[in-house]
Amino acid sequence: MSHLPRVAWILTVLPACGGSDPQPAGTVDAAAPLPCCETPSRFATAPAGDAPPGMVWIPAEEFDMGGFGPEARPDELPVHRVKLDGFWMDATEVTNAQFARFVEETGYVTLAERKPEWEEIQKQVPPGTPKPDDSMLVAASLVFVPTKGPVSLEDYTQWWTWMPGANWRHPQGPDSDIVGKDDHPVVHVAWDDAIVYGVWAKKRLPSEAEWEYACRGGAEHKRFPWGDDPPAGKNLPANVWQGKFPYDNSVADGHRLTAPVKSFPANFYGLYDMGGNVWEWCQDWYRADTYAEAAKAKVAVNPQGPDSSFDPDEPYMPKRIQRGGSFLCADNFCTSYRPSARMKTSPDTGMSHSGFRCVRSNASATAPK
């Protein structure tokens with residue numbers, strides 16, 4: 001699965017959606033790339049000493065990494081064995097209040113708040129791509145706007161808008177703000193922004209393997225972070241879309257957009273919102289064959305992902321991994337609130353449903369490749 005990079009909007013060019021046959025409105029082919037209460041842990045014996053504030057211990061263990069259930073997509077396979085050292089993980093997604101403190105202390109300006117540079121854009125597009133109009137080279141970000149009725153789920157442009165003035169302080173555009181939302185997850189944060197935050201916080205982004213293992217909460221082979229039952233009816237364990245995406249959201253869970261962190265039960269390790277709410281950046285580069293390569297070893301030990309990115313749909317654009325799904329994930333669309341679901345996104349792209357959380361090694365942190 002792929003998020004539409006901001007480069008594509010600046011150039012008004014859509015990435016390949018995969019598949020040549022159009023689909024009926026409101027449907028998506030599960031096999032094709034998309035265009036698109038605290039619980040103490042019985043396993044978590046933490047190292048001696050005080051826990052880092054706001055973090056929980058994820059113990060060393062082996063697990064089966066990859067997709068389970070009918071929703072599993074090709075790049076989530078094959079399932080392979082992984083062994084990890086223990087690590088600390090933020091119990092929640094990074095909040096607006098935490099990010100505001102970082103900005104206040106450092107003066108950092110996010111990518112969404114900066115004017116894009118054509119010289120950087122050129123590196124991500126095919127040679128000979130013409131320069132976009134200067135009106136597109138403005139500080140902006142991607143904002144979700146629901147459609148008025150059913151549409152083909154292959155055309156992102158019907159629900160995503162390149163909106164000048166949208167950023168973490170103004171998540172729905174320049175006329176919006178985050179007043180009263182200190183405990184909501186920060187959004188419109190690019191991978192590059194998250195890395196800088198991690199350095200400031202003396203943390204790092206999780207590897208893709210660390211993220212999936214933590215999301216599973218010690219339970220293997222489950223379709224969802226909370227078990228095997230999909231979110232439906234009275235079973236609403238996460239902030240996801242209820243109804244037909246992208247036009248009909250019943251808001252049965254009480255949240256149309258982001259929810260305050262800890263609005264839903266934690267998993268077995270004490271982690272909140274590992275499914276839904278906002279997508280979360282991981283340190284790894286994206287490759288469709290990552291799991292095939294990892295499966296060549298009997299057990300992959302502390303995998304850090306590939307050394308470089310390659311997406312055959314957009315070969316000139318490097319991409320990083322996002323995990324966890326968001327408030328926009330629906331059963332008729334991406335069902336990416338699954339532990340194994342992988343999203344490929346260009347590292348300079350922030351969106352109104354993208355955030356992050358950090359981890360800390362028990363020893364020194366590993367720098368991302």
# chains A, B, ... in the order shown; residues from 1 in each chain; ligands from 1
$ residues_around --residues "Ala112 of chain A" --least-positions-apart "6" --cutoff "8 Å" --atoms "only C-alpha atoms" --output "list in words"
Ala139, Ala140, Ser141, Ala166, Asn167, His188, Val189, Ala190, Thr349 and Gly350 of chain A
$ residues_around --residues "Val179 of chain A" --least-positions-apart "2" --cutoff "12 Å" --atoms "only C-alpha atoms" --output "PyMOL selection string"
chain A and resi 96-97+100+168-171+176-177+181-184
$ write_last_selection --atoms "N, CA and C atoms" --output "PDB file, in the first residue's frame"
ATOM      1  N   ASN A  96       0.357  16.449  20.464  1.00  0.00           N
ATOM      2  CA  ASN A  96       0.570  17.855  20.120  1.00  0.00           C
ATOM      3  C   ASN A  96       1.363  18.576  21.196  1.00  0.00           C
ATOM      4  N   ALA A  97       1.058  18.292  22.469  1.00  0.00           N
ATOM      5  CA  ALA A  97       1.765  18.964  23.563  1.00  0.00           C
ATOM      6  C   ALA A  97       3.240  18.598  23.565  1.00  0.00           C
ATOM      7  N   ALA A 100       4.894  20.269  20.571  1.00  0.00           N
ATOM      8  CA  ALA A 100       4.998  21.715  20.789  1.00  0.00           C
ATOM      9  C   ALA A 100       6.181  22.052  21.689  1.00  0.00           C
ATOM     10  N   TRP A 168       1.103  20.863  11.304  1.00  0.00           N
ATOM     11  CA  TRP A 168       0.765  20.268  12.609  1.00  0.00           C
ATOM     12  C   TRP A 168      -0.016  21.214  13.511  1.00  0.00           C
ATOM     13  N   ARG A 169       0.197  22.522  13.335  1.00  0.00           N
ATOM     14  CA  ARG A 169      -0.556  23.512  14.126  1.00  0.00           C
ATOM     15  C   ARG A 169      -1.959  23.730  13.560  1.00  0.00           C
ATOM     16  N   HIS A 170      -2.144  23.459  12.279  1.00  0.00           N
ATOM     17  CA  HIS A 170      -3.397  23.701  11.563  1.00  0.00           C
ATOM     18  C   HIS A 170      -3.757  22.446  10.768  1.00  0.00           C
ATOM     19  N   PRO A 171      -4.189  21.384  11.440  1.00  0.00           N
ATOM     20  CA  PRO A 171      -4.308  20.077  10.788  1.00  0.00           C
ATOM     21  C   PRO A 171      -5.348  19.976   9.679  1.00  0.00           C
ATOM     22  N   SER A 176      -7.988  26.151  10.851  1.00  0.00           N
ATOM     23  CA  SER A 176      -8.133  25.222  11.972  1.00  0.00           C
ATOM     24  C   SER A 176      -6.996  25.416  12.956  1.00  0.00           C
ATOM     25  N   ASP A 177      -7.108  24.795  14.130  1.00  0.00           N
ATOM     26  CA  ASP A 177      -6.028  24.875  15.115  1.00  0.00           C
ATOM     27  C   ASP A 177      -6.089  23.652  16.021  1.00  0.00           C
ATOM     28  N   LYS A 181      -6.492  20.420  22.121  1.00  0.00           N
ATOM     29  CA  LYS A 181      -6.141  19.092  21.614  1.00  0.00           C
ATOM     30  C   LYS A 181      -4.708  18.709  21.971  1.00  0.00           C
ATOM     31  N   ASP A 182      -4.267  19.147  23.136  1.00  0.00           N
ATOM     32  CA  ASP A 182      -2.908  18.804  23.564  1.00  0.00           C
ATOM     33  C   ASP A 182      -2.663  17.309  23.607  1.00  0.00           C
ATOM     34  N   ASP A 183      -3.700  16.531  23.929  1.00  0.00           N
ATOM     35  CA  ASP A 183      -3.526  15.090  24.077  1.00  0.00           C
ATOM     36  C   ASP A 183      -3.882  14.300  22.821  1.00  0.00           C
ATOM     37  N   HIS A 184      -4.076  14.983  21.708  1.00  0.00           N
ATOM     38  CA  HIS A 184      -4.259  14.307  20.428  1.00  0.00           C
ATOM     39  C   HIS A 184      -2.896  14.029  19.793  1.00  0.00           C
TER      40      HIS A 184
END
$ residues_around --residues "Val103 of chain A" --least-positions-apart "5" --cutoff "12 Å" --atoms "only C-alpha atoms" --output "VMD selection string"
chain A and resid 96 to 98 108 to 110 168 to 169 193 to 194 196 to 197 200 to 201
$ closest_residue --among "A:Val94, A:Cys329, A:Val151, A:Met351" --to "Gly243 of chain A" --atoms "only C-alpha atoms"
A:Cys329
$ closest_residue --among "A:Phe102, A:Phe68, A:Trp285, A:Tyr316" --to "Lys123 of chain A" --atoms "only C-alpha atoms"
A:Tyr316
$ select_by_dssp --residues "segment 97-331 of chain A" --states "helix (DSSP H, G or I)" --output "ChimeraX atom specification"
/A:97-106,111-113,118-124,134-136,156-158,191-201,208-216,290-294
$ write_last_selection --atoms "N, CA and C atoms" --output "short mmCIF file (atom, residue, chain, number, x, y, z; two decimals), in the first residue's frame"
data_model
loop_
_atom_site.label_atom_id
_atom_site.label_comp_id
_atom_site.auth_asym_id
_atom_site.auth_seq_id
_atom_site.Cartn_x
_atom_site.Cartn_y
_atom_site.Cartn_z
N ALA A 97 1.06 18.29 22.47
CA ALA A 97 1.77 18.96 23.56
C ALA A 97 3.24 18.60 23.57
N GLN A 98 3.57 17.34 23.35
CA GLN A 98 4.97 16.91 23.32
C GLN A 98 5.70 17.52 22.14
N PHE A 99 5.06 17.55 20.99
CA PHE A 99 5.70 18.11 19.81
C PHE A 99 5.88 19.62 19.95
N ALA A 100 4.89 20.27 20.57
CA ALA A 100 5.00 21.71 20.79
C ALA A 100 6.18 22.05 21.69
N ARG A 101 6.41 21.23 22.70
CA ARG A 101 7.57 21.45 23.57
C ARG A 101 8.87 21.33 22.79
N PHE A 102 8.95 20.32 21.93
CA PHE A 102 10.12 20.14 21.07
C PHE A 102 10.35 21.36 20.18
N VAL A 103 9.30 21.85 19.56
CA VAL A 103 9.43 23.02 18.68
C VAL A 103 9.82 24.25 19.48
N GLU A 104 9.24 24.42 20.66
CA GLU A 104 9.55 25.58 21.50
C GLU A 104 11.02 25.59 21.90
N GLU A 105 11.55 24.41 22.24
CA GLU A 105 12.93 24.34 22.71
C GLU A 105 13.97 24.39 21.58
N THR A 106 13.58 23.98 20.39
CA THR A 106 14.55 23.89 19.29
C THR A 106 14.33 24.89 18.17
N LEU A 111 8.60 20.14 7.63
CA LEU A 111 8.63 20.23 6.17
C LEU A 111 7.34 20.83 5.62
N ALA A 112 6.20 20.53 6.27
CA ALA A 112 4.93 21.08 5.80
C ALA A 112 4.87 22.60 5.95
N GLU A 113 5.73 23.15 6.81
CA GLU A 113 5.76 24.60 7.04
C GLU A 113 6.80 25.29 6.16
N TRP A 118 12.37 22.88 -5.75
CA TRP A 118 12.34 22.11 -6.99
C TRP A 118 13.56 21.21 -7.13
N GLU A 119 14.71 21.67 -6.65
CA GLU A 119 15.93 20.86 -6.75
C GLU A 119 15.78 19.54 -6.01
N GLU A 120 15.06 19.54 -4.88
CA GLU A 120 14.83 18.31 -4.14
C GLU A 120 13.77 17.45 -4.81
N ILE A 121 12.74 18.08 -5.35
CA ILE A 121 11.68 17.35 -6.02
C ILE A 121 12.22 16.59 -7.23
N GLN A 122 13.15 17.21 -7.97
CA GLN A 122 13.72 16.59 -9.17
C GLN A 122 14.34 15.23 -8.89
N LYS A 123 14.85 15.04 -7.67
CA LYS A 123 15.50 13.78 -7.33
C LYS A 123 14.50 12.62 -7.22
N GLN A 124 13.21 12.93 -7.12
CA GLN A 124 12.20 11.91 -6.88
C GLN A 124 11.30 11.63 -8.08
N ASP A 134 4.89 27.79 -10.06
CA ASP A 134 5.32 28.32 -8.77
C ASP A 134 4.18 28.34 -7.75
N SER A 135 2.93 28.38 -8.22
CA SER A 135 1.79 28.41 -7.31
C SER A 135 1.67 27.12 -6.51
N MET A 136 2.30 26.03 -7.02
CA MET A 136 2.27 24.76 -6.31
C MET A 136 3.42 24.64 -5.32
N TYR A 156 -7.14 8.75 -5.47
CA TYR A 156 -6.87 9.51 -4.25
C TYR A 156 -7.37 10.96 -4.29
N THR A 157 -7.30 11.57 -5.45
CA THR A 157 -7.56 13.00 -5.52
C THR A 157 -8.98 13.37 -5.15
N GLN A 158 -9.85 12.38 -5.08
CA GLN A 158 -11.23 12.68 -4.73
C GLN A 158 -11.43 12.94 -3.25
N TRP A 191 8.63 11.86 7.88
CA TRP A 191 9.66 10.99 8.47
C TRP A 191 10.86 11.83 8.90
N ASP A 192 11.26 12.75 8.05
CA ASP A 192 12.41 13.61 8.36
C ASP A 192 12.17 14.41 9.65
N ASP A 193 10.95 14.88 9.85
CA ASP A 193 10.61 15.61 11.08
C ASP A 193 10.69 14.70 12.30
N ALA A 194 10.17 13.48 12.16
CA ALA A 194 10.15 12.53 13.26
C ALA A 194 11.56 12.16 13.70
N ILE A 195 12.48 12.06 12.74
CA ILE A 195 13.88 11.73 13.06
C ILE A 195 14.49 12.83 13.93
N VAL A 196 14.24 14.08 13.57
CA VAL A 196 14.80 15.20 14.34
C VAL A 196 14.21 15.22 15.74
N TYR A 197 12.92 14.96 15.86
CA TYR A 197 12.29 14.87 17.19
C TYR A 197 12.96 13.78 18.02
N GLY A 198 13.21 12.63 17.40
CA GLY A 198 13.82 11.52 18.11
C GLY A 198 15.18 11.86 18.67
N VAL A 199 15.98 12.57 17.90
CA VAL A 199 17.30 12.99 18.37
C VAL A 199 17.16 13.89 19.59
N TRP A 200 16.23 14.83 19.51
CA TRP A 200 15.99 15.75 20.64
C TRP A 200 15.54 15.00 21.89
N ALA A 201 14.68 14.00 21.70
CA ALA A 201 14.11 13.24 22.83
C ALA A 201 15.03 12.12 23.29
N GLU A 208 10.67 -1.71 11.70
CA GLU A 208 9.39 -2.31 11.32
C GLU A 208 9.10 -3.57 12.14
N ALA A 209 10.13 -4.36 12.39
CA ALA A 209 9.96 -5.58 13.18
C ALA A 209 9.60 -5.26 14.63
N GLU A 210 10.28 -4.26 15.21
CA GLU A 210 9.95 -3.86 16.59
C GLU A 210 8.50 -3.39 16.68
N TRP A 211 8.09 -2.60 15.70
CA TRP A 211 6.73 -2.06 15.73
C TRP A 211 5.71 -3.20 15.68
N GLU A 212 5.88 -4.13 14.75
CA GLU A 212 4.89 -5.20 14.60
C GLU A 212 4.84 -6.08 15.84
N TYR A 213 6.01 -6.43 16.39
CA TYR A 213 6.05 -7.26 17.59
C TYR A 213 5.34 -6.57 18.75
N ALA A 214 5.63 -5.29 18.94
CA ALA A 214 4.99 -4.53 20.03
C ALA A 214 3.48 -4.44 19.82
N CYS A 215 3.07 -4.26 18.58
CA CYS A 215 1.64 -4.16 18.27
C CYS A 215 0.91 -5.45 18.63
N ARG A 216 1.54 -6.57 18.38
CA ARG A 216 0.90 -7.87 18.65
C ARG A 216 0.74 -8.13 20.14
N THR A 290 11.24 -7.25 0.91
CA THR A 290 11.92 -7.29 2.22
C THR A 290 11.68 -8.61 2.94
N TYR A 291 10.45 -9.08 2.96
CA TYR A 291 10.14 -10.30 3.70
C TYR A 291 10.70 -11.53 3.01
N ALA A 292 10.71 -11.53 1.70
CA ALA A 292 11.29 -12.66 0.96
C ALA A 292 12.77 -12.80 1.29
N GLU A 293 13.46 -11.67 1.41
CA GLU A 293 14.88 -11.70 1.75
C GLU A 293 15.08 -12.14 3.20
N ALA A 294 14.25 -11.62 4.10
CA ALA A 294 14.37 -11.97 5.52
C ALA A 294 14.11 -13.45 5.75
#
$ select_by_dssp --residues "segment 77-230 of chain A" --states "strand (DSSP E or B)" --output "list in words"
His80, Arg81, Val82, Lys83, Leu84, Phe87, Trp88, Met89, Asp90, Thr95, Ala140, Ser141, Leu142, Val143, Phe144, Trp160, Thr161, Trp162, Met163, Pro164, Asn167, His170, Pro185, Arg204, Phe224 and Gly227 of chain A
$ write_last_selection --atoms "C-alpha atoms" --output "mmCIF file, in the first residue's frame"
data_model
loop_
_atom_site.group_PDB
_atom_site.id
_atom_site.type_symbol
_atom_site.label_atom_id
_atom_site.label_comp_id
_atom_site.auth_asym_id
_atom_site.auth_seq_id
_atom_site.Cartn_x
_atom_site.Cartn_y
_atom_site.Cartn_z
ATOM 1 C CA HIS A 80 9.072 -15.394 8.741
ATOM 2 C CA ARG A 81 10.664 -15.852 12.154
ATOM 3 C CA VAL A 82 12.221 -12.804 13.872
ATOM 4 C CA LYS A 83 14.187 -12.475 17.117
ATOM 5 C CA LEU A 84 14.390 -9.109 18.886
ATOM 6 C CA PHE A 87 13.407 -2.132 24.050
ATOM 7 C CA TRP A 88 11.390 0.740 25.501
ATOM 8 C CA MET A 89 8.475 2.133 23.499
ATOM 9 C CA ASP A 90 6.313 5.226 23.925
ATOM 10 C CA THR A 95 1.045 14.248 21.164
ATOM 11 C CA ALA A 140 1.321 22.948 2.302
ATOM 12 C CA SER A 141 0.298 19.448 3.290
ATOM 13 C CA LEU A 142 -2.287 16.795 2.416
ATOM 14 C CA VAL A 143 -5.685 17.028 4.126
ATOM 15 C CA PHE A 144 -8.516 14.506 3.980
ATOM 16 C CA TRP A 160 -7.087 14.227 -0.528
ATOM 17 C CA THR A 161 -6.447 17.949 -0.971
ATOM 18 C CA TRP A 162 -3.047 19.682 -1.273
ATOM 19 C CA MET A 163 -3.833 22.511 1.141
ATOM 20 C CA PRO A 164 -1.574 25.552 1.615
ATOM 21 C CA ASN A 167 0.555 21.673 9.088
ATOM 22 C CA HIS A 170 -3.397 23.701 11.563
ATOM 23 C CA PRO A 185 -1.517 12.763 18.294
ATOM 24 C CA ARG A 204 14.604 6.824 17.727
ATOM 25 C CA PHE A 224 -5.866 -7.445 14.499
ATOM 26 C CA GLY A 227 -7.654 -10.408 18.316
#
$ residues_around --residues "Gly355 of chain A" --least-positions-apart "2" --cutoff "7 Å" --atoms "only C-alpha atoms" --output "PyMOL selection string"
chain A and resi 185-189+278-281+353
$ write_last_selection --atoms "N, CA and C atoms" --output "PDB file, in the first residue's frame"
ATOM      1  N   PRO A 185      -2.798  12.996  18.965  1.00  0.00           N
ATOM      2  CA  PRO A 185      -1.517  12.763  18.294  1.00  0.00           C
ATOM      3  C   PRO A 185      -1.193  13.878  17.307  1.00  0.00           C
ATOM      4  N   VAL A 186       0.051  14.297  17.274  1.00  0.00           N
ATOM      5  CA  VAL A 186       0.483  15.280  16.291  1.00  0.00           C
ATOM      6  C   VAL A 186       0.407  14.659  14.899  1.00  0.00           C
ATOM      7  N   VAL A 187       0.007  15.453  13.914  1.00  0.00           N
ATOM      8  CA  VAL A 187      -0.098  14.973  12.534  1.00  0.00           C
ATOM      9  C   VAL A 187       0.646  15.924  11.588  1.00  0.00           C
ATOM     10  N   HIS A 188       0.642  15.604  10.324  1.00  0.00           N
ATOM     11  CA  HIS A 188       1.390  16.351   9.303  1.00  0.00           C
ATOM     12  C   HIS A 188       2.894  16.332   9.594  1.00  0.00           C
ATOM     13  N   VAL A 189       3.352  15.228  10.160  1.00  0.00           N
ATOM     14  CA  VAL A 189       4.769  15.078  10.477  1.00  0.00           C
ATOM     15  C   VAL A 189       5.399  14.129   9.469  1.00  0.00           C
ATOM     16  N   VAL A 278      -3.706   7.254  14.093  1.00  0.00           N
ATOM     17  CA  VAL A 278      -2.851   7.801  13.040  1.00  0.00           C
ATOM     18  C   VAL A 278      -1.802   6.778  12.617  1.00  0.00           C
ATOM     19  N   TRP A 279      -1.389   6.853  11.378  1.00  0.00           N
ATOM     20  CA  TRP A 279      -0.269   6.068  10.884  1.00  0.00           C
ATOM     21  C   TRP A 279       0.993   6.468  11.635  1.00  0.00           C
ATOM     22  N   GLU A 280       1.911   5.498  11.827  1.00  0.00           N
ATOM     23  CA  GLU A 280       3.126   5.744  12.594  1.00  0.00           C
ATOM     24  C   GLU A 280       4.359   5.373  11.773  1.00  0.00           C
ATOM     25  N   TRP A 281       5.299   6.300  11.708  1.00  0.00           N
ATOM     26  CA  TRP A 281       6.536   6.082  10.962  1.00  0.00           C
ATOM     27  C   TRP A 281       7.418   5.026  11.629  1.00  0.00           C
ATOM     28  N   HIS A 353      -3.436  12.364   8.694  1.00  0.00           N
ATOM     29  CA  HIS A 353      -3.648  11.144   9.490  1.00  0.00           C
ATOM     30  C   HIS A 353      -2.321  10.439   9.778  1.00  0.00           C
TER      31      HIS A 353
END
$ residues_around --residues "Ala252 of chain A" --least-positions-apart "3" --cutoff "9 Å" --atoms "only C-alpha atoms" --output "PyMOL selection string"
chain A and resi 233-234+236+241-242+249+255-256
$ write_last_selection --atoms "C-alpha atoms" --output "mmCIF file, in the first residue's frame"
data_model
loop_
_atom_site.group_PDB
_atom_site.id
_atom_site.type_symbol
_atom_site.label_atom_id
_atom_site.label_comp_id
_atom_site.auth_asym_id
_atom_site.auth_seq_id
_atom_site.Cartn_x
_atom_site.Cartn_y
_atom_site.Cartn_z
ATOM 1 C CA GLY A 233 -21.158 -3.229 15.724
ATOM 2 C CA LYS A 234 -20.384 -2.849 19.412
ATOM 3 C CA LEU A 236 -15.037 -0.789 18.524
ATOM 4 C CA TRP A 241 -13.773 4.549 10.046
ATOM 5 C CA GLN A 242 -17.287 3.146 10.606
ATOM 6 C CA ASN A 249 -18.765 7.727 8.602
ATOM 7 C CA HIS A 255 -14.221 10.345 16.802
ATOM 8 C CA ARG A 256 -14.465 11.722 13.272
#
$ residues_around --residues "Ser309 of chain A" --least-positions-apart "2" --cutoff "6 Å" --atoms "only C-alpha atoms" --output "short mmCIF file (atom, residue, chain, number, x, y, z; two decimals) with C-alpha atoms, in the first residue's frame"
data_model
loop_
_atom_site.label_atom_id
_atom_site.label_comp_id
_atom_site.auth_asym_id
_atom_site.auth_seq_id
_atom_site.Cartn_x
_atom_site.Cartn_y
_atom_site.Cartn_z
CA TRP A 285 13.18 1.76 3.94
CA TYR A 286 10.39 0.14 1.93
CA ARG A 287 10.95 -2.72 -0.49
CA PRO A 318 12.49 6.48 -2.09
CA LYS A 319 9.95 5.47 0.54
#
$ closest_residue --among "A:Met65, A:Pro306, A:Gly149, A:Ala91" --to "Ala266 of chain A" --atoms "only C-alpha atoms"
A:Ala91
$ atom_distance --atom1 "atom CA of Met317 of chain A" --atom2 "atom CA of Val125 of chain A"
6.6 Å
$ atom_distance --atom1 "atom CA of Val251 of chain A" --atom2 "atom CA of Phe327 of chain A"
10.0 Å
$ residues_around --residues "Pro265 of chain A" --least-positions-apart "2" --cutoff "12 Å" --atoms "only C-alpha atoms" --output "ChimeraX atom specification"
/A:37-40,91-92,225-226,236-239,261-263,267-275
$ closest_residue --among "A:Phe310, A:Tyr247, A:Phe356, A:Trp57" --to "Gly325 of chain A" --atoms "only C-alpha atoms"
A:Phe356
$ atom_distance --atom1 "atom CA of Phe245 of chain A" --atom2 "atom CA of Asp229 of chain A"
19.8 Å
$ closest_residue --among "A:Asp248, A:Asp175, A:Glu93, A:Asp331" --to "Met55 of chain A" --atoms "only C-alpha atoms"
A:Glu93
